[in-house]
Amino acid sequence: MLNLSSRPTFFLRAVVAGLLAAHGALAGAQAPAAASAPAPAPARAASGGSMAPPAAAASAAPATATPAAPPPPASGTTAAAPADNATVRALVVADMEATISSQFAGRLTSMPKQVGDTFAAGDLLAGFDCAERQAAVKAGQAELLGARETHLAKLKLQSLGAVSDLEVTMAAAAAEKAKSQLALVQAQEKYCQVYAPYAGKVVRMRAKAFESVQLGQPLLEIVNLSSLRVQLFVPSTWVRWIKPGKPLTVAIDETGQSYTARVSKISGRIDGASQTVEVVARFDRLPASVLPGMIGRASFPEAK
């Protein structure tokens with residue numbers, strides 16, 4: 001005879017056992033199904049319906065493109081070096097160009113030449129008040145005359161035995177000293193007039209008539225237009241082919257015209273900072289319209 005009080009416990013155990021059995025049966029059914037599932041289809045080739053092998057499919061994966069290296073240069077060829085541009089800036093300068101200055105402190109009395117005036121060699125450019133210098137010359141002449149007379153008197157007395165040889169020698173020395181002092185004041189008197197050292201043209205006035213100037217003060221600037229030359233600063237590598245006598249063409253910006261010239265001198269030193277060398281050229285025919293200070297371009301037609 002069953003105990004009724006144990007029925008709920010028996011019933012609960014039976015339910016749990018049934019659930020465990022159902023779970024085991026389900027797990028056993030899923031394992032054969034996974035084993036029998038078909039393998040994934042291989043990738044198709046990009047060209048059509050044919051099947052590509054796995055290795056080809058793996059290589060068909062997208063990858064970052066690598067730029068192709070440039071082809072090597074052909075054997076026996078070298079890169080062409082850029083040719084030197086045989087054209088440089090040029091400056092027209094004058095060999096004979098000077099600033100005339102005062103030789104002593106004094107007052108100007110005349111300045112006959114002005115800016116733009118031409119003059120010949122020896123023409124008066126400036127005059128000073130020279131009364132003091134002229135007086136010094138007269139004083140020097142008088143001293144020289146007295147020293148000579150004293151020397152002559154000493155010589156006569158020496159012949160009579162009245163003076164010693166030393167006194168005669170001292171008198172001769174005094175005469176020579178007076179002579180040299182006279183030459184000095186005469187040389188200073190010449191500074192009262194300033195004359196042109198060569199033919200040329202006045203380009204600038206630095207003082208005016210009746211002004212008082214100091215020693216060494218500039219008075220005017222002059223230039224000789226027949227001594228023009230062309231100054232160039234060319235690359236140092238040009239010394240391989242540029243030589244005295246080399247022809248060139250100078251195109252002046254101010255006149256708009258070109259003139260022929262030739263190299264006359266080449267500097268003996270290369271500037272280390274700019275790597276240039278100074279070259280001097282002379283015009284074949286002196287142009288009348290070209291002035292010092294004009295600039296342009298110098299071209300060498302045979303730059304080799």
# chains A, B, ... in the order shown; residues from 1 in each chain; ligands from 1
call {"tool": "residues_around", "arguments": {"residues": "A:Val277", "least_positions_apart": "2", "cutoff": "9 Å", "atoms": "only C-alpha atoms", "output": "PyMOL selection string"}}
result
chain A and resi 232-236+238-239+266-271+274-275+279
call {"tool": "residues_around", "arguments": {"residues": "stretch 124-131 of chain A", "least_positions_apart": "2", "cutoff": "8 Å", "atoms": "only C-alpha atoms", "output": "tab-separated table (two decimals) with all heavy atoms, in the first residue's frame"}}
result
chain	number	residue	atom	x	y	z
A	106	GLY	N	90.28	128.83	-46.64
A	106	GLY	CA	90.21	130.17	-47.19
A	106	GLY	C	88.83	130.48	-47.73
A	106	GLY	O	87.88	129.69	-47.58
A	107	ARG	N	88.72	131.64	-48.39
A	107	ARG	CA	87.44	132.09	-48.92
A	107	ARG	C	87.48	132.02	-50.44
A	107	ARG	O	88.41	132.51	-51.08
A	107	ARG	CB	87.15	133.52	-48.46
A	107	ARG	CG	85.79	134.06	-48.90
A	107	ARG	CD	85.55	135.44	-48.29
A	107	ARG	NE	86.49	136.42	-48.81
A	107	ARG	CZ	86.27	137.16	-49.91
A	107	ARG	NH1	85.12	137.02	-50.59
A	107	ARG	NH2	87.16	138.05	-50.31
A	108	LEU	N	86.45	131.41	-51.02
A	108	LEU	CA	86.34	131.33	-52.47
A	108	LEU	C	85.95	132.68	-53.05
A	108	LEU	O	85.08	133.38	-52.51
A	108	LEU	CB	85.28	130.28	-52.87
A	108	LEU	CG	85.66	128.81	-52.66
A	108	LEU	CD1	84.43	127.93	-52.81
A	108	LEU	CD2	86.74	128.39	-53.65
A	109	THR	N	86.59	133.04	-54.15
A	109	THR	CA	86.25	134.29	-54.84
A	109	THR	C	85.58	134.03	-56.19
A	109	THR	O	84.88	134.93	-56.69
A	109	THR	CB	87.51	135.14	-55.06
A	109	THR	OG1	88.47	134.36	-55.80
A	109	THR	CG2	88.11	135.55	-53.72
A	110	SER	N	85.76	132.83	-56.77
A	110	SER	CA	85.15	132.54	-58.07
A	110	SER	C	84.98	131.04	-58.24
A	110	SER	O	85.83	130.26	-57.79
A	110	SER	CB	85.98	133.12	-59.22
A	110	SER	OG	87.25	132.50	-59.25
A	111	MET	N	83.88	130.69	-58.90
A	111	MET	CA	83.61	129.31	-59.34
A	111	MET	C	83.06	129.41	-60.76
A	111	MET	O	81.85	129.37	-60.98
A	111	MET	CB	82.60	128.64	-58.41
A	111	MET	CG	83.11	128.41	-56.99
A	111	MET	SD	84.30	127.06	-56.87
A	111	MET	CE	83.24	125.66	-57.10
A	112	PRO	N	83.94	129.58	-61.74
A	112	PRO	CA	83.46	129.90	-63.10
A	112	PRO	C	82.71	128.76	-63.78
A	112	PRO	O	81.91	129.03	-64.69
A	112	PRO	CB	84.75	130.23	-63.84
A	112	PRO	CG	85.82	129.54	-63.09
A	112	PRO	CD	85.39	129.53	-61.67
A	113	LYS	N	82.94	127.52	-63.40
A	113	LYS	CA	82.28	126.39	-64.06
A	113	LYS	C	81.15	125.88	-63.18
A	113	LYS	O	81.31	125.76	-61.96
A	113	LYS	CB	83.27	125.27	-64.34
A	113	LYS	CG	84.45	125.68	-65.22
A	113	LYS	CD	84.00	126.13	-66.60
A	113	LYS	CE	85.19	126.51	-67.46
A	113	LYS	NZ	84.77	126.96	-68.82
A	122	GLY	N	93.66	122.57	-67.84
A	122	GLY	CA	94.28	123.83	-67.48
A	122	GLY	C	93.31	124.97	-67.25
A	122	GLY	O	93.74	126.06	-66.84
A	133	ARG	N	98.56	134.86	-48.85
A	133	ARG	CA	99.62	134.03	-49.45
A	133	ARG	C	100.58	134.89	-50.27
A	133	ARG	O	101.80	134.65	-50.26
A	133	ARG	CB	98.99	132.96	-50.32
A	133	ARG	CG	98.05	132.01	-49.58
A	133	ARG	CD	98.80	131.23	-48.54
A	133	ARG	NE	97.95	130.44	-47.69
A	133	ARG	CZ	98.04	129.13	-47.58
A	133	ARG	NH1	98.93	128.46	-48.29
A	133	ARG	NH2	97.25	128.47	-46.75
A	134	GLN	N	100.07	135.87	-50.95
A	134	GLN	CA	100.94	136.74	-51.74
A	134	GLN	C	101.87	137.55	-50.84
A	134	GLN	O	103.05	137.76	-51.16
A	134	GLN	CB	100.09	137.67	-52.61
A	134	GLN	CG	99.34	136.92	-53.70
A	134	GLN	CD	98.35	137.81	-54.43
A	134	GLN	OE1	98.11	138.96	-54.00
A	134	GLN	NE2	97.77	137.30	-55.51
A	135	ALA	N	101.34	137.96	-49.70
A	135	ALA	CA	102.18	138.69	-48.74
A	135	ALA	C	103.26	137.78	-48.18
A	135	ALA	O	104.41	138.21	-47.97
A	135	ALA	CB	101.32	139.26	-47.62
A	189	GLU	N	101.00	129.39	-52.52
A	189	GLU	CA	100.28	130.42	-53.29
A	189	GLU	C	99.60	129.82	-54.51
A	189	GLU	O	98.54	130.30	-54.94
A	189	GLU	CB	101.26	131.52	-53.71
A	189	GLU	CG	100.59	132.68	-54.45
A	189	GLU	CD	101.60	133.65	-55.00
A	189	GLU	OE1	102.79	133.27	-55.13
A	189	GLU	OE2	101.20	134.78	-55.34
A	192	CYS	N	95.90	128.86	-54.52
A	192	CYS	CA	94.84	129.86	-54.59
A	192	CYS	C	93.99	129.72	-55.85
A	192	CYS	O	92.86	130.22	-55.90
A	192	CYS	CB	95.44	131.27	-54.54
A	192	CYS	SG	96.27	131.64	-52.99
A	193	GLN	N	94.52	129.09	-56.87
A	193	GLN	CA	93.77	128.83	-58.09
A	193	GLN	C	93.76	127.32	-58.34
A	193	GLN	O	94.81	126.69	-58.29
A	193	GLN	CB	94.39	129.55	-59.30
A	193	GLN	CG	94.22	131.06	-59.30
A	193	GLN	CD	95.21	131.76	-58.41
A	193	GLN	OE1	96.34	131.31	-58.27
A	193	GLN	NE2	94.80	132.88	-57.82
A	194	VAL	N	92.58	126.80	-58.61
A	194	VAL	CA	92.41	125.37	-58.89
A	194	VAL	C	92.17	125.22	-60.39
A	194	VAL	O	91.18	125.75	-60.92
A	194	VAL	CB	91.24	124.77	-58.08
A	194	VAL	CG1	91.10	123.28	-58.39
A	194	VAL	CG2	91.47	124.99	-56.59
A	195	TYR	N	93.05	124.49	-61.05
A	195	TYR	CA	92.97	124.31	-62.50
A	195	TYR	C	92.58	122.86	-62.83
A	195	TYR	O	92.85	121.93	-62.06
A	195	TYR	CB	94.30	124.65	-63.16
A	195	TYR	CG	94.72	126.09	-62.96
A	195	TYR	CD1	95.65	126.44	-61.98
A	195	TYR	CD2	94.18	127.10	-63.75
A	195	TYR	CE1	96.02	127.75	-61.79
A	195	TYR	CE2	94.55	128.42	-63.57
A	195	TYR	CZ	95.47	128.75	-62.58
A	195	TYR	OH	95.84	130.06	-62.39
A	196	ALA	N	91.94	122.70	-63.97
A	196	ALA	CA	91.47	121.37	-64.39
A	196	ALA	C	92.65	120.48	-64.73
A	196	ALA	O	93.52	120.87	-65.52
A	196	ALA	CB	90.54	121.50	-65.59
call {"tool": "closest_residue", "arguments": {"among": "A:Ala86, A:Val290, A:Ala153, A:Ala98", "to": "A:Arg229", "atoms": "only C-alpha atoms"}}
result
A:Val290
call {"tool": "closest_residue", "arguments": {"among": "A:Ile222, A:Ala273, A:Leu228, A:Ala251", "to": "A:Leu286", "atoms": "only C-alpha atoms"}}
result
A:Leu228
call {"tool": "select_by_dssp", "arguments": {"residues": "stretch 187-241 of chain A", "states": "strand (DSSP E)", "output": "ChimeraX atom specification"}}
result
/A:193-195,200-205,212-213,218-223,228-235
call {"tool": "write_last_selection", "arguments": {"atoms": "N, CA and C atoms", "output": "mmCIF file, in the first residue's frame"}}
result
data_model
loop_
_atom_site.group_PDB
_atom_site.id
_atom_site.type_symbol
_atom_site.label_atom_id
_atom_site.label_comp_id
_atom_site.auth_asym_id
_atom_site.auth_seq_id
_atom_site.Cartn_x
_atom_site.Cartn_y
_atom_site.Cartn_z
ATOM 1 N N GLN A 193 94.518 129.091 -56.866
ATOM 2 C CA GLN A 193 93.770 128.834 -58.092
ATOM 3 C C GLN A 193 93.762 127.318 -58.340
ATOM 4 N N VAL A 194 92.576 126.801 -58.612
ATOM 5 C CA VAL A 194 92.414 125.375 -58.889
ATOM 6 C C VAL A 194 92.168 125.217 -60.386
ATOM 7 N N TYR A 195 93.055 124.488 -61.055
ATOM 8 C CA TYR A 195 92.968 124.307 -62.497
ATOM 9 C C TYR A 195 92.575 122.862 -62.826
ATOM 10 N N GLY A 200 87.151 117.728 -69.450
ATOM 11 C CA GLY A 200 86.003 116.966 -68.965
ATOM 12 C C GLY A 200 84.769 117.828 -68.797
ATOM 13 N N LYS A 201 83.944 117.408 -67.842
ATOM 14 C CA LYS A 201 82.659 118.058 -67.614
ATOM 15 C C LYS A 201 82.378 118.086 -66.113
ATOM 16 N N VAL A 202 81.750 119.167 -65.663
ATOM 17 C CA VAL A 202 81.363 119.283 -64.257
ATOM 18 C C VAL A 202 80.075 118.496 -64.032
ATOM 19 N N VAL A 203 80.077 117.612 -63.040
ATOM 20 C CA VAL A 203 78.900 116.786 -62.781
ATOM 21 C C VAL A 203 78.204 117.155 -61.468
ATOM 22 N N ARG A 204 78.916 117.877 -60.572
ATOM 23 C CA ARG A 204 78.289 118.250 -59.298
ATOM 24 C C ARG A 204 79.058 119.392 -58.645
ATOM 25 N N MET A 205 78.331 120.344 -58.084
ATOM 26 C CA MET A 205 78.944 121.449 -57.350
ATOM 27 C C MET A 205 78.817 121.163 -55.852
ATOM 28 N N SER A 212 83.426 130.353 -47.307
ATOM 29 C CA SER A 212 84.674 129.989 -46.641
ATOM 30 C C SER A 212 84.709 128.473 -46.476
ATOM 31 N N VAL A 213 85.775 127.874 -46.922
ATOM 32 C CA VAL A 213 85.887 126.418 -46.899
ATOM 33 C C VAL A 213 87.088 126.026 -46.042
ATOM 34 N N PRO A 218 85.405 119.289 -50.175
ATOM 35 C CA PRO A 218 85.134 119.142 -51.613
ATOM 36 C C PRO A 218 84.558 120.427 -52.208
ATOM 37 N N LEU A 219 85.010 120.725 -53.434
ATOM 38 C CA LEU A 219 84.533 121.908 -54.148
ATOM 39 C C LEU A 219 83.608 121.556 -55.303
ATOM 40 N N LEU A 220 83.995 120.589 -56.122
ATOM 41 C CA LEU A 220 83.183 120.159 -57.257
ATOM 42 C C LEU A 220 83.662 118.799 -57.722
ATOM 43 N N GLU A 221 82.819 118.142 -58.527
ATOM 44 C CA GLU A 221 83.138 116.821 -59.068
ATOM 45 C C GLU A 221 83.180 116.917 -60.586
ATOM 46 N N ILE A 222 84.198 116.292 -61.174
ATOM 47 C CA ILE A 222 84.387 116.355 -62.620
ATOM 48 C C ILE A 222 84.569 114.942 -63.164
ATOM 49 N N VAL A 223 84.358 114.796 -64.475
ATOM 50 C CA VAL A 223 84.509 113.501 -65.132
ATOM 51 C C VAL A 223 84.978 113.730 -66.563
ATOM 52 N N LEU A 228 85.411 106.256 -70.784
ATOM 53 C CA LEU A 228 84.361 105.348 -70.324
ATOM 54 C C LEU A 228 84.784 103.886 -70.494
ATOM 55 N N ARG A 229 84.324 103.063 -69.582
ATOM 56 C CA ARG A 229 84.534 101.627 -69.655
ATOM 57 C C ARG A 229 83.322 100.919 -69.077
ATOM 58 N N VAL A 230 83.249 99.620 -69.282
ATOM 59 C CA VAL A 230 82.128 98.809 -68.804
ATOM 60 C C VAL A 230 82.640 97.905 -67.686
ATOM 61 N N GLN A 231 81.956 97.936 -66.572
ATOM 62 C CA GLN A 231 82.327 97.113 -65.418
ATOM 63 C C GLN A 231 81.334 95.968 -65.275
ATOM 64 N N LEU A 232 81.856 94.738 -65.204
ATOM 65 C CA LEU A 232 81.022 93.541 -65.099
ATOM 66 C C LEU A 232 81.488 92.717 -63.908
ATOM 67 N N PHE A 233 80.544 91.997 -63.307
ATOM 68 C CA PHE A 233 80.864 90.994 -62.297
ATOM 69 C C PHE A 233 80.244 89.681 -62.773
ATOM 70 N N VAL A 234 81.094 88.791 -63.272
ATOM 71 C CA VAL A 234 80.633 87.561 -63.910
ATOM 72 C C VAL A 234 80.864 86.386 -62.976
ATOM 73 N N PRO A 235 80.119 85.272 -63.168
ATOM 74 C CA PRO A 235 80.359 84.074 -62.344
ATOM 75 C C PRO A 235 81.791 83.578 -62.477
#
call {"tool": "closest_residue", "arguments": {"among": "A:Leu91, A:Val115, A:Ala142, A:Leu225", "to": "A:Met294", "atoms": "only C-alpha atoms"}}
result
A:Leu91
call {"tool": "residues_around", "arguments": {"residues": "A:Ser164", "least_positions_apart": "6", "cutoff": "9 Å", "atoms": "only C-alpha atoms", "output": "ChimeraX atom specification"}}
result
/A:154,157-158
call {"tool": "closest_residue", "arguments": {"among": "A:Leu291, A:Ala162, A:Ala207, A:Leu182", "to": "A:Ser102", "atoms": "only C-alpha atoms"}}
result
A:Ala207
call {"tool": "closest_residue", "arguments": {"among": "A:Asp123, A:Glu167, A:Asp95, A:Glu254", "to": "A:Leu155", "atoms": "only C-alpha atoms"}}
result
A:Glu167
call {"tool": "atom_distance", "arguments": {"atom1": "atom CA of A:Ile252", "atom2": "atom CA of A:Arg297"}}
result
6.7 Å
